[in-house]
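Remarks on the structure that follows.
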Amino acid sequence: MLSTLQPPRSLSHFRRRTSLKPFSSLSSQPVTHSTLTDQSQSTSQSQILSTRDSLLSRQISAAELAESFLSRLRRTEPHLRSFLHVSDSAVLAQARDLDDKLRRNEELGPLAGVLVAVKDNICTADMPSTAGSRVLEGYTPPYDATAVRKIKELGGIVVGKTNMDEFGMGSTTEGSAFQVTANPWDTTRVPGGSSGGSAAAVSARQSMVSLGSDTGGSVRQPASFCGVVGLKPTYGRVSRFGLMAYASSLDVIGCFGTSVADAGILLHAISGHDRLDATSSKREIPDLASQFGSISLLDSKPLKGLKVGLIRETLNDGVDIGVSSAIRTAALHLEELGCSIGDVSLPSFSLGLPAYYVIASSESSSNLSRYDGLRYGNQVATDELNSQYMDSRAKGFGSEVKRRILTGTYALSAGYYDAYYKRAQQVRTIIRKSFKEALGEYDILISPAAPSAAYKIGEKKDDPLAMYVGDIMTVNVNLAGLPALVLPCGFAEGGSAGLPVGLQMVGAAFSEEKLLRVGHIFEQTLQNCRFVPPLIADEDIPC
Amino acid sequence: MASTIFRSFQSHPFVLQPTTLLRRKNVLLYCTVRSAQTQAATQEKVKPRQVRVSNVTQNKTLENVLKDYEAVIGIETHVQLSTVTKAFCSCPYNYASQPNTSICPICMGLPGALPILNFKVIESAVKVGLALNCKLALNSKFDRKQYFYADLPKGYQISQFDVPIATGGYIDLDIPVEFGGGHRKFGITRVHMEEDAGKLMHSDDGSRSQVDLNRAGVPLLEIVSEPDMRNGTEAAEYAAEIQRVVRYLGVSNGNMQEGSLRCDVNVSVRPIGQLHFGTKVEIKNMNSFSNVTRAIDYEISRQVLLHSQGQEKEIVQETRLWEEGAQKTFTMRKKEGLSDYRYFPEPDLPGVFLTKDYVDSIQDSLPELPEMKRRRYEKMGLSMQDVLFLANDMNVADFFDTTITKGADAKLAANWIMSDIAAYMKNEELTIPEVKLSPQELAELIAYIKDGTISGKIGKQILFELLAKGGTVKGLIEEKDLVQIVDPIEIEKMVEKVLSENPKQLDQYRSGKTKLQGYFAGQIMKLSKGKANPGILNKILLEKLNAQS
């Protein structure tokens with residue numbers, strides 16, 4: 001009935017919690033997972049929903065749950081180094097507070113007890129926030145980013161701050177000024193980037209979900225590399241207030257989860273207009289959180305009528321065979337679910353990469369001007385203002401950041417502006433238009449999330465151009481401001497257990513609801529695939 | 001860029017609570033340094049109004065040379081808007097509050113903070129654009145102007161570059177009679193919105209500088225004129241008219257001493273008849289209109305002198321500072337080519353879109369502007385001196401307008417305001433809204449004098465009472481029994497009484513000493529407590545004095 005996929009290399013035992021009770025607390029619509037438990041072992045279930053259920057049914061206390069995550073974190077962290085900061089004691093204190101509330105039968109927020117890791121470029125008032133940069137070493141912001149504030153208000157617990165390429169500039173997390181994060185599927189490989197820490201943390205179940213940021217693919221590519229779900233929302237859906245700007249017109253805060261449901265529920269929690277971000281959308285948020293119920297087993301074609309376009313340019317030369325075959329298999333799977341699959345060409349696709357690097361570098365050269373060492377962050381004291389600027393910035397920024405500041409400064413200079421920045425904006429308009437046309441014809445577009453699976457640490461570190469090319473699958477989506485969901489769909493060769501491959505689904509602006517529904521059905525019907533990395537394969541873990 | 005020494009900048013992140021900030025920091029870093037500029041403004045009046053170009057050159061020869069040259073002057077005016085909160089955050093701004101007490105993550109440029117536009121800024125810009133007869137851009141945007149300086153927290157200033165909100169306007173003004181008079185129309189190139197930077201405070205020995213970010217993010221309008229002015233007086237009057245316009249509109253207090261109105265002036269000179277402009281020099285640091293006049297006149301003389309000595313190559317593109325004490329301009333920095341500010345559209349703010357309806361509604365709500373007032377007053381038959389005096393200050397104009405709507409004669413009202421009321425305000429250092437006299441009462445006063453109820457002399461007495469203590473004309477007249485005596489019978493009785501009490505003087509009068517009429521009039525007036533109508537009094541007195549001869 002469903003598509004056949006490559007057998008998972010990781011066939012660790014998996015003990016399902018059998019005592020799950022149906023629950024109906026997150027939304028007015030009762031959500032039950034009981035049907036899922038009847039299905040194949042490969043399906044991912046929502047950790048957020050099951051956490052809520054376990055807490056409400058007093059099956060486990062919040063403190064026990066937090067402790068189990070923290071102990072796994074402590075065990076795996078020496079291998080992964082996904083966190084720059086972990087707040088053990090604060091996490092446990094918050095969990096105990098939650099248990100007190102439970103004892104008093106107080107109302108719980110929808111994210112009560114949910115352990116969230118936060119990328120280090122998202123401001124947290126009670127933890128350092130460095131964006132992976134030496135220039136902000138030891139800096140603790142005086143306020144929470146809007147996304148973080150919302151998570152806390154709904155009962156979520158921030159576990160810590162995750163490692164990243166400095167200011168989001170990189171695709172491997174090797175660009176962090178502090179440490180290199182390893183991929184839980186193979187610790188000799190990169191987790192992707194720039195949100196590599198957030199992806200690795202969720203993949204290794206160091207946290208249930210996490211926040212990342214996506215300027216050119218920084219949520220989606222590491223999600224693909226680490227075998228987790230990554231969601232890049234439409235530009236404007238989530239407030240950027242408190243996200244340290246890399247490229248303001250492209251940056252979005254995104255979500256990681258081990259299931260589409262978790263990514264969707266987390267997105268729902270952080271979405272919405274924010275008066276502190278003039279570019280956040282006033283559009284109403286659909287109920288993104290309540291559609292992750294059972295898939296009707298009566299309907300063998302749950303996606304009947306859905307038109308899916310496979311972007312031809314993303315399966316060209318330069319894409320690893322393992323990746324392209326996983327994507328083609330995923331397309332077949334969608335077809336079996338009732339979708340009609342077409343081949344769509346976006347002729348401007350290849351123009352996206354240079355346009356992206358011009359625009360992102362230009363904006364970053366401006367956004368990073370504030371790191372001058374005068375008001376906060378690392379300062380090199382000198383006797384003269386200009387040398388203080390130069391020395392503080394020379395010592396504070398890493399080489400990739402400097403490269404992009406220089407590129408962007410050049411592109412915005414008088415005499416070059418028209419040839420670079422203005423031209424790149426024109427390309428951006430063309431790309432936006434071509435996506436619009438394609439999405440007029442198709443409900444969603446699919447492609448790989450990256451041209452390869454995770455590669456070795458150090459492999460592309462000294463070859464920035466090779467690393468930039470790896471962003472080809474994702475940057476166009478940022479230029480067009482569209483939402484995209486990446487979910488693991490298969491495996492490529494590599495490592496001890498194979499390396500996960502992510503499928504990217506791109507939707508029209510503000511169509512996250514549709515992407516999540518399709519993603520959820522795809523995920524729940526995907527058989528014989530279990531995306532638990534070998535590092536923790538022997539543990540009793542939530543899926 | 002000035003090579004200021006910055007030894008004392010701290011590397012720790014700012015803490016937001018201002019009290020904490022002050023407590024935690026090196027107190028020296030945040031102590032208020034009184035700017036020397038504020039004192040300079042008050043000293044200016046005693047300075048001789050003389051341009052000293054060099055010790056050897058006599059002013060007479062300079063005047064001869066000046067005739068052969070023409071100066072070309074353009075002005076960039078920065079107007080600080082008096083919105084309740086800053087342009088892109090909700091911090092209030094109050095001049096002279098303790099350093100770094102009105103700051104937040106947004107105006108400090110902390111990581112992750114974003115600007116949110118205060119829509120009052122747009123409203124003010126539209127008002128000023130319309131008042132300056134500009135064409136408004138219905139679709140404009142903000143841009144980033146990038147440069148590094150210690151008072152600029154983000155490393156860029158949010159401004160407007162290629163699509164300013166208003167362009168292509170003009171301003172009308174009248175040169176005061178004492179400066180030669182005449183009507184002028186000067187072109188306005190553009191009006192755009194931007195944010196102010198913070199303030200640097202330098203220690204006396206120049207070894208350290210401190211940053212106060214209270215002013216960072218305060219909204220400004222930059223108004224750029226066409227190079228239409230030809231001397232210091234025209235330039236100062238242009239600036240004064242801008243000040244009047246923004247004050248009439250209520251968008252700024254226009255205070256030059258506080259820096260709410262700042263003028264950067266570009267001056268060049270060329271031999272009369274030459275078509276292309278000479279090299280322009282920018283002058284800054286003038287904190288009063290008379291300084292603007294003097295700085296420009298000095299600079300014109302300096303440049304003309306260089307020209308006349310064949311040294312025009314010495315005139316270079318540079319920024320010069322006006323030094324109040326020396327009454328000279330000095331080089332601040334030479335410009336080596338154009339600075340590249342790497343402008344690009346501000347991605348954190350959506351475009352600024354105005355609807356025609358919105359613009360129309362603002363247009364309809366505009367008050368009567370100075371130029372309209374002046375033309376109206378002129379039509380009333382007031383002299384240009386009166387017109388300028390009244391229209392110069394919006395509050396005075398309002399007072400005058402209300403007085404005449406209460407029925408007072410325009411010329412009489414103007415006279416009262418310009419003479420006794422103005423003198424009182426000057427002596428007491430009060431503004432017209434602060435005096436106790438209301439326009440209603442001034443109109444009453446004028447009416448009582450006109451209909452003869454009180455004399456002009458009593459009127460003046462009452463005026464000073466009203467100015468200082470308030471009350472009504474009617475009340476004061478009744479309270480003090482000041483109604484003029486116009487009844488001939490009553491006056492006749494007083495005349496007779498005085499004549500009968502002074503038989504000796506009467507005899508002297510009748511024997512030819514007619515000068516004594518004044519003596520009798522004074523006695524009668526004294527008897528009437530000043531209330532007798534002088535006309536009637538004198539008529540009756542004369543009749544009585546001459547009756548029996």
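Residue numbering restarts at 1 in every chain; chains get A, B, ... in the order shown in the structure tokens, and ligands count up from 1 in that same order.
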
For chain A, report every residue with an atom at most 7 Å from chain B (counting only C-alpha atoms), formatted as an mmCIF file with N, CA, C and O atoms, in the first residue's frame.
data_model
loop_
_atom_site.group_PDB
_atom_site.id
_atom_site.type_symbol
_atom_site.label_atom_id
_atom_site.label_comp_id
_atom_site.auth_asym_id
_atom_site.auth_seq_id
_atom_site.Cartn_x
_atom_site.Cartn_y
_atom_site.Cartn_z
ATOM 1 N N CYS A 123 17.753 36.214 21.560
ATOM 2 C CA CYS A 123 18.041 36.786 22.883
ATOM 3 C C CYS A 123 17.257 36.124 24.009
ATOM 4 O O CYS A 123 16.053 35.894 23.902
ATOM 5 N N TYR A 139 28.055 38.138 26.788
ATOM 6 C CA TYR A 139 26.967 39.128 26.750
ATOM 7 C C TYR A 139 25.629 38.473 27.086
ATOM 8 O O TYR A 139 25.248 37.460 26.489
ATOM 9 N N PRO A 142 19.308 42.168 27.957
ATOM 10 C CA PRO A 142 18.383 42.570 29.022
ATOM 11 C C PRO A 142 16.942 42.154 28.743
ATOM 12 O O PRO A 142 16.060 42.502 29.511
ATOM 13 N N PHE A 241 11.894 40.180 16.560
ATOM 14 C CA PHE A 241 12.403 40.977 17.684
ATOM 15 C C PHE A 241 13.197 40.087 18.631
ATOM 16 O O PHE A 241 12.677 39.102 19.146
ATOM 17 N N GLY A 242 14.454 40.416 18.819
ATOM 18 C CA GLY A 242 15.311 39.601 19.664
ATOM 19 C C GLY A 242 16.149 38.601 18.906
ATOM 20 O O GLY A 242 16.983 37.910 19.490
ATOM 21 N N LEU A 243 15.945 38.529 17.606
ATOM 22 C CA LEU A 243 16.824 37.698 16.768
ATOM 23 C C LEU A 243 17.942 38.621 16.288
ATOM 24 O O LEU A 243 17.689 39.637 15.644
ATOM 25 N N MET A 244 19.169 38.271 16.624
ATOM 26 C CA MET A 244 20.290 39.132 16.211
ATOM 27 C C MET A 244 20.378 39.097 14.696
ATOM 28 O O MET A 244 20.572 38.044 14.099
ATOM 29 N N ALA A 245 20.233 40.268 14.096
ATOM 30 C CA ALA A 245 20.065 40.327 12.650
ATOM 31 C C ALA A 245 21.326 39.904 11.898
ATOM 32 O O ALA A 245 22.429 40.318 12.230
ATOM 33 N N SER A 248 18.383 41.196 7.459
ATOM 34 C CA SER A 248 17.039 41.499 7.966
ATOM 35 C C SER A 248 15.901 41.135 7.017
ATOM 36 O O SER A 248 14.828 40.757 7.463
ATOM 37 N N SER A 249 16.128 41.251 5.721
ATOM 38 C CA SER A 249 15.018 41.001 4.794
ATOM 39 C C SER A 249 14.848 39.512 4.506
ATOM 40 O O SER A 249 13.927 39.122 3.801
ATOM 41 N N LEU A 276 6.619 45.014 18.142
ATOM 42 C CA LEU A 276 8.045 45.332 18.186
ATOM 43 C C LEU A 276 8.783 44.956 16.903
ATOM 44 O O LEU A 276 9.983 45.156 16.788
ATOM 45 N N ASP A 277 8.076 44.358 15.959
ATOM 46 C CA ASP A 277 8.692 44.045 14.663
ATOM 47 C C ASP A 277 7.765 44.553 13.562
ATOM 48 O O ASP A 277 6.713 43.978 13.289
ATOM 49 N N ALA A 278 8.196 45.638 12.932
ATOM 50 C CA ALA A 278 7.353 46.282 11.912
ATOM 51 C C ALA A 278 7.162 45.393 10.684
ATOM 52 O O ALA A 278 6.272 45.632 9.881
ATOM 53 N N THR A 279 8.019 44.383 10.526
ATOM 54 C CA THR A 279 7.876 43.508 9.366
ATOM 55 C C THR A 279 7.084 42.248 9.698
ATOM 56 O O THR A 279 6.924 41.376 8.845
ATOM 57 N N SER A 369 27.458 46.434 12.038
ATOM 58 C CA SER A 369 28.190 47.663 12.390
ATOM 59 C C SER A 369 28.067 47.983 13.873
ATOM 60 O O SER A 369 28.930 48.636 14.450
ATOM 61 N N ARG A 370 26.964 47.553 14.480
ATOM 62 C CA ARG A 370 26.750 47.911 15.877
ATOM 63 C C ARG A 370 27.730 47.215 16.815
ATOM 64 O O ARG A 370 27.881 47.615 17.964
ATOM 65 N N GLY A 373 32.171 47.391 20.056
ATOM 66 C CA GLY A 373 32.883 47.292 21.331
ATOM 67 C C GLY A 373 32.666 48.473 22.264
ATOM 68 O O GLY A 373 33.252 48.524 23.340
ATOM 69 N N LEU A 374 31.855 49.438 21.862
ATOM 70 C CA LEU A 374 31.682 50.625 22.715
ATOM 71 C C LEU A 374 30.663 50.412 23.820
ATOM 72 O O LEU A 374 30.868 50.822 24.944
ATOM 73 N N ARG A 375 29.530 49.815 23.446
ATOM 74 C CA ARG A 375 28.434 49.747 24.416
ATOM 75 C C ARG A 375 28.308 48.386 25.085
ATOM 76 O O ARG A 375 27.809 48.272 26.186
ATOM 77 N N TYR A 376 28.672 47.358 24.369
ATOM 78 C CA TYR A 376 28.565 46.002 24.914
ATOM 79 C C TYR A 376 29.523 45.128 24.133
ATOM 80 O O TYR A 376 30.059 45.529 23.107
ATOM 81 N N GLY A 377 29.684 43.908 24.624
ATOM 82 C CA GLY A 377 30.533 42.973 23.910
ATOM 83 C C GLY A 377 32.001 43.252 24.156
ATOM 84 O O GLY A 377 32.375 44.109 24.950
ATOM 85 N N ASN A 378 32.829 42.506 23.451
ATOM 86 C CA ASN A 378 34.260 42.596 23.687
ATOM 87 C C ASN A 378 34.844 43.876 23.133
ATOM 88 O O ASN A 378 34.543 44.294 22.025
ATOM 89 N N GLN A 379 35.679 44.486 23.938
ATOM 90 C CA GLN A 379 36.303 45.736 23.531
ATOM 91 C C GLN A 379 37.802 45.592 23.653
ATOM 92 O O GLN A 379 38.292 45.068 24.641
ATOM 93 N N THR A 382 41.956 50.988 23.332
ATOM 94 C CA THR A 382 43.080 51.708 22.736
ATOM 95 C C THR A 382 42.893 53.174 23.063
ATOM 96 O O THR A 382 41.898 53.570 23.646
ATOM 97 N N ASP A 383 43.832 53.991 22.631
ATOM 98 C CA ASP A 383 43.766 55.416 22.952
ATOM 99 C C ASP A 383 43.035 56.224 21.897
ATOM 100 O O ASP A 383 42.904 57.429 22.014
ATOM 101 N N GLU A 384 42.585 55.564 20.856
ATOM 102 C CA GLU A 384 42.041 56.350 19.757
ATOM 103 C C GLU A 384 40.822 55.630 19.218
ATOM 104 O O GLU A 384 40.791 54.396 19.141
ATOM 105 N N LEU A 385 39.808 56.389 18.846
ATOM 106 C CA LEU A 385 38.515 55.804 18.483
ATOM 107 C C LEU A 385 38.612 54.837 17.307
ATOM 108 O O LEU A 385 38.143 53.714 17.383
ATOM 109 N N LEU A 412 27.777 47.521 -1.601
ATOM 110 C CA LEU A 412 26.954 48.715 -1.348
ATOM 111 C C LEU A 412 27.704 50.012 -1.665
ATOM 112 O O LEU A 412 27.135 51.095 -1.570
ATOM 113 N N SER A 413 28.971 49.898 -2.053
ATOM 114 C CA SER A 413 29.758 51.113 -2.255
ATOM 115 C C SER A 413 29.289 51.876 -3.476
ATOM 116 O O SER A 413 28.776 51.305 -4.436
ATOM 117 N N ALA A 414 29.510 53.190 -3.413
ATOM 118 C CA ALA A 414 29.145 54.043 -4.543
ATOM 119 C C ALA A 414 29.861 53.545 -5.787
ATOM 120 O O ALA A 414 31.048 53.225 -5.755
#

Legend entry - For segment 189-205 of chain A: contacts at 7 Å, only C-alpha atoms, fewer than 3 positions along chain excluded, given as a PyMOL selection string: chain A and resi 82-83+117-119+162-165+168-173+181-184+186+208-213+218-219+221-223+225-228+256-258+454-457+532-533+536

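Checking B:Ile489, B:Thr101, B:Asn392, B:Leu545 one by one against Pro503 of chain B, counting only C-alpha atoms, you find the shortest gap at B:Leu545.
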
Inset, instruction - Within 6 Å of segment 70-78 of chain B, counting only C-alpha atoms, which residues show up once you throw out same-chain ones fewer than 2 positions away? Write them as a ChimeraX atom specification, please. - result: /B:221-227,229-230,261-270,272

Inset, instruction - Please provide the set of residues having any atom within 12 Å of Leu516 of chain B, restricted to only C-alpha atoms, with same-chain residues fewer than 3 positions apart removed, written as a PyMOL selection string. - result: chain B and resi 499+502+504-513+519-523+541-542+545

Please give the complete set of residues from segment 266-459 of chain A that DSSP, run on the backbone, assigns to strand (DSSP E or B), formatted as a short mmCIF file (atom, residue, chain, number, x, y, z; two decimals) with N, CA, C and O atoms, in the first residue's frame.
data_model
loop_
_atom_site.label_atom_id
_atom_site.label_comp_id
_atom_site.auth_asym_id
_atom_site.auth_seq_id
_atom_site.Cartn_x
_atom_site.Cartn_y
_atom_site.Cartn_z
N SER A 271 4.10 32.28 16.59
CA SER A 271 3.65 33.08 15.45
C SER A 271 2.86 34.30 15.88
O SER A 271 2.39 34.39 17.01
N LYS A 307 -1.68 18.88 -5.83
CA LYS A 307 -0.74 18.96 -6.95
C LYS A 307 0.64 19.31 -6.44
O LYS A 307 0.84 20.34 -5.80
N VAL A 308 1.57 18.42 -6.71
CA VAL A 308 2.94 18.59 -6.22
C VAL A 308 3.87 18.78 -7.40
O VAL A 308 3.84 18.00 -8.35
N GLY A 309 4.67 19.82 -7.36
CA GLY A 309 5.65 20.07 -8.41
C GLY A 309 7.05 19.75 -7.94
O GLY A 309 7.50 20.26 -6.91
N LEU A 310 7.74 18.90 -8.65
CA LEU A 310 9.12 18.56 -8.32
C LEU A 310 10.01 19.54 -9.09
O LEU A 310 9.97 19.60 -10.32
N ILE A 311 10.79 20.32 -8.37
CA ILE A 311 11.60 21.36 -9.04
C ILE A 311 12.74 20.68 -9.79
O ILE A 311 13.64 20.10 -9.19
N SER A 340 -0.86 14.35 -7.29
CA SER A 340 -0.40 14.26 -8.67
C SER A 340 0.94 14.99 -8.73
O SER A 340 1.09 16.10 -8.23
N ILE A 341 1.93 14.31 -9.27
CA ILE A 341 3.28 14.87 -9.27
C ILE A 341 3.59 15.40 -10.66
O ILE A 341 3.38 14.71 -11.67
N GLY A 342 4.07 16.63 -10.72
CA GLY A 342 4.48 17.20 -12.00
C GLY A 342 5.91 17.67 -11.91
O GLY A 342 6.48 17.79 -10.83
N ASP A 343 6.47 17.91 -13.05
CA ASP A 343 7.84 18.38 -13.14
C ASP A 343 7.76 19.88 -13.38
O ASP A 343 7.14 20.32 -14.33
N VAL A 344 8.35 20.69 -12.51
CA VAL A 344 8.26 22.13 -12.71
C VAL A 344 9.67 22.71 -12.85
O VAL A 344 10.59 22.30 -12.15
N ILE A 444 2.12 22.52 -3.71
CA ILE A 444 3.43 22.62 -3.07
C ILE A 444 4.50 22.23 -4.08
O ILE A 444 4.22 21.54 -5.07
N LEU A 445 5.72 22.71 -3.81
CA LEU A 445 6.87 22.33 -4.64
C LEU A 445 7.79 21.50 -3.76
O LEU A 445 7.91 21.77 -2.57
N ILE A 446 8.40 20.49 -4.36
CA ILE A 446 9.34 19.71 -3.55
C ILE A 446 10.72 19.69 -4.18
O ILE A 446 10.89 19.85 -5.39
N SER A 447 11.71 19.50 -3.30
CA SER A 447 13.12 19.43 -3.72
C SER A 447 13.90 18.82 -2.57
O SER A 447 13.37 18.67 -1.48
N PRO A 448 15.16 18.48 -2.82
CA PRO A 448 16.00 18.13 -1.67
C PRO A 448 16.20 19.37 -0.81
O PRO A 448 16.01 20.49 -1.28
N LYS A 456 31.92 15.45 6.03
CA LYS A 456 32.87 15.34 7.14
C LYS A 456 33.24 16.72 7.71
O LYS A 456 33.32 17.71 6.98
#

Inset, instruction - Identify, with DSSP run on backbone atoms, the residues in segment 232-456 of chain B assigned to helix (DSSP H, G or I), and express the list as a PyMOL selection string. - result: chain B and resi 232-249+289-308+312-314+356-365+370-379+384-392+394-405+410-428+432-434+439-450+456

Please save C-alpha atoms of the selected residues as a short mmCIF file (atom, residue, chain, number, x, y, z; two decimals), in the first residue's frame.
data_model
loop_
_atom_site.label_atom_id
_atom_site.label_comp_id
_atom_site.auth_asym_id
_atom_site.auth_seq_id
_atom_site.Cartn_x
_atom_site.Cartn_y
_atom_site.Cartn_z
CA GLY B 232 23.92 86.56 5.97
CA THR B 233 20.70 88.44 6.62
CA GLU B 234 18.76 86.51 4.01
CA ALA B 235 20.11 83.25 5.39
CA ALA B 236 19.21 84.16 8.97
CA GLU B 237 15.74 85.27 7.91
CA TYR B 238 15.29 82.01 6.03
CA ALA B 239 16.19 80.09 9.18
CA ALA B 240 13.92 82.31 11.27
CA GLU B 241 11.04 81.65 8.91
CA ILE B 242 11.65 77.89 9.16
CA GLN B 243 11.52 78.33 12.92
CA ARG B 244 8.23 80.23 12.68
CA VAL B 245 6.72 77.60 10.39
CA VAL B 246 7.60 74.65 12.65
CA ARG B 247 6.40 76.55 15.70
CA TYR B 248 3.14 77.53 14.02
CA LEU B 249 2.67 73.89 13.04
CA PHE B 289 20.19 83.74 14.07
CA SER B 290 22.57 86.63 14.65
CA ASN B 291 25.41 84.11 14.72
CA VAL B 292 24.18 82.77 11.39
CA THR B 293 24.35 86.28 9.94
CA ARG B 294 27.75 87.00 11.37
CA ALA B 295 29.28 83.65 10.50
CA ILE B 296 28.15 83.92 6.90
CA ASP B 297 29.22 87.52 6.51
CA TYR B 298 32.58 86.62 7.97
CA GLU B 299 32.93 83.65 5.66
CA ILE B 300 31.94 85.69 2.60
CA SER B 301 34.55 88.27 3.48
CA ARG B 302 37.17 85.61 4.01
CA GLN B 303 36.47 84.01 0.65
CA VAL B 304 36.20 87.30 -1.23
CA LEU B 305 39.46 88.44 0.25
CA LEU B 306 41.19 85.27 -0.93
CA HIS B 307 39.68 85.77 -4.37
CA SER B 308 40.74 89.37 -4.57
CA GLU B 312 41.06 81.40 -4.51
CA LYS B 313 42.83 78.03 -4.57
CA GLU B 314 43.01 78.41 -0.81
CA LYS B 356 -4.32 61.26 -0.86
CA ASP B 357 -7.12 61.39 1.70
CA TYR B 358 -4.62 61.43 4.51
CA VAL B 359 -2.61 64.22 2.92
CA ASP B 360 -5.80 66.18 2.25
CA SER B 361 -6.94 65.80 5.84
CA ILE B 362 -3.59 67.13 7.07
CA GLN B 363 -3.79 69.99 4.58
CA ASP B 364 -7.23 70.88 5.89
CA SER B 365 -6.03 70.86 9.47
CA PRO B 370 3.15 83.05 9.05
CA GLU B 371 3.12 84.11 5.40
CA MET B 372 -0.68 84.01 5.24
CA LYS B 373 -0.89 85.96 8.48
CA ARG B 374 1.50 88.62 7.27
CA ARG B 375 -0.46 89.15 4.06
CA ARG B 376 -3.70 89.36 6.01
CA TYR B 377 -2.28 91.88 8.48
CA GLU B 378 -0.88 93.88 5.63
CA LYS B 379 -4.36 94.09 4.11
CA MET B 384 5.26 96.12 7.77
CA GLN B 385 6.97 96.68 11.10
CA ASP B 386 3.70 95.93 12.90
CA VAL B 387 3.00 93.00 10.62
CA LEU B 388 6.36 91.39 11.28
CA PHE B 389 6.18 92.03 14.98
CA LEU B 390 2.76 90.44 15.31
CA ALA B 391 3.32 87.49 12.98
CA ASN B 392 6.79 86.74 14.31
CA MET B 394 2.49 82.66 16.94
CA ASN B 395 1.25 83.41 20.45
CA VAL B 396 1.38 87.15 19.88
CA ALA B 397 -0.43 86.69 16.58
CA ASP B 398 -3.08 84.58 18.29
CA PHE B 399 -3.48 87.20 20.99
CA PHE B 400 -3.84 89.91 18.39
CA ASP B 401 -6.27 87.89 16.28
CA THR B 402 -8.47 87.11 19.27
CA THR B 403 -8.44 90.74 20.34
CA ILE B 404 -9.69 91.90 16.97
CA THR B 405 -12.30 89.16 16.71
CA ALA B 410 -6.71 96.42 14.46
CA LYS B 411 -4.42 99.42 14.52
CA LEU B 412 -5.27 100.26 18.14
CA ALA B 413 -4.86 96.65 19.23
CA ALA B 414 -1.52 96.44 17.44
CA ASN B 415 -0.35 99.62 19.13
CA TRP B 416 -1.25 98.41 22.59
CA ILE B 417 0.42 95.05 21.99
CA MET B 418 3.58 96.48 20.46
CA SER B 419 4.07 99.25 23.00
CA ASP B 420 2.89 98.78 26.57
CA ILE B 421 2.22 95.06 26.50
CA ALA B 422 5.51 94.26 24.76
CA ALA B 423 7.42 96.50 27.18
CA TYR B 424 5.78 94.81 30.14
CA MET B 425 6.59 91.33 28.79
CA LYS B 426 10.18 92.34 28.20
CA ASN B 427 10.60 93.78 31.68
CA GLU B 428 8.98 90.88 33.43
CA ILE B 432 2.22 86.57 26.08
CA PRO B 433 0.35 83.46 27.29
CA GLU B 434 1.90 84.07 30.71
CA PRO B 439 -7.42 89.38 24.57
CA GLN B 440 -11.08 89.76 25.59
CA GLU B 441 -10.14 92.36 28.19
CA LEU B 442 -7.80 94.20 25.87
CA ALA B 443 -10.70 94.49 23.41
CA GLU B 444 -12.93 95.75 26.22
CA LEU B 445 -10.33 98.25 27.29
CA ILE B 446 -10.01 99.60 23.77
CA ALA B 447 -13.80 99.81 23.53
CA TYR B 448 -14.16 101.68 26.85
CA ILE B 449 -11.59 104.22 25.74
CA LYS B 450 -13.20 104.58 22.35
CA GLY B 456 -6.64 106.92 27.62
#

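Compared by their closest atoms to Gly471 of chain B, and using only C-alpha atoms, the residues B:Val483, B:Lys526, B:Val435, B:Glu368 rank with B:Val435 nearest.
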
Inset, instruction - Find the residue from A:Gln524, A:Ser365, A:Gln45, A:Thr234 that sits nearest to Thr215 of chain A; use only C-alpha atoms when measuring. - result: A:Thr234
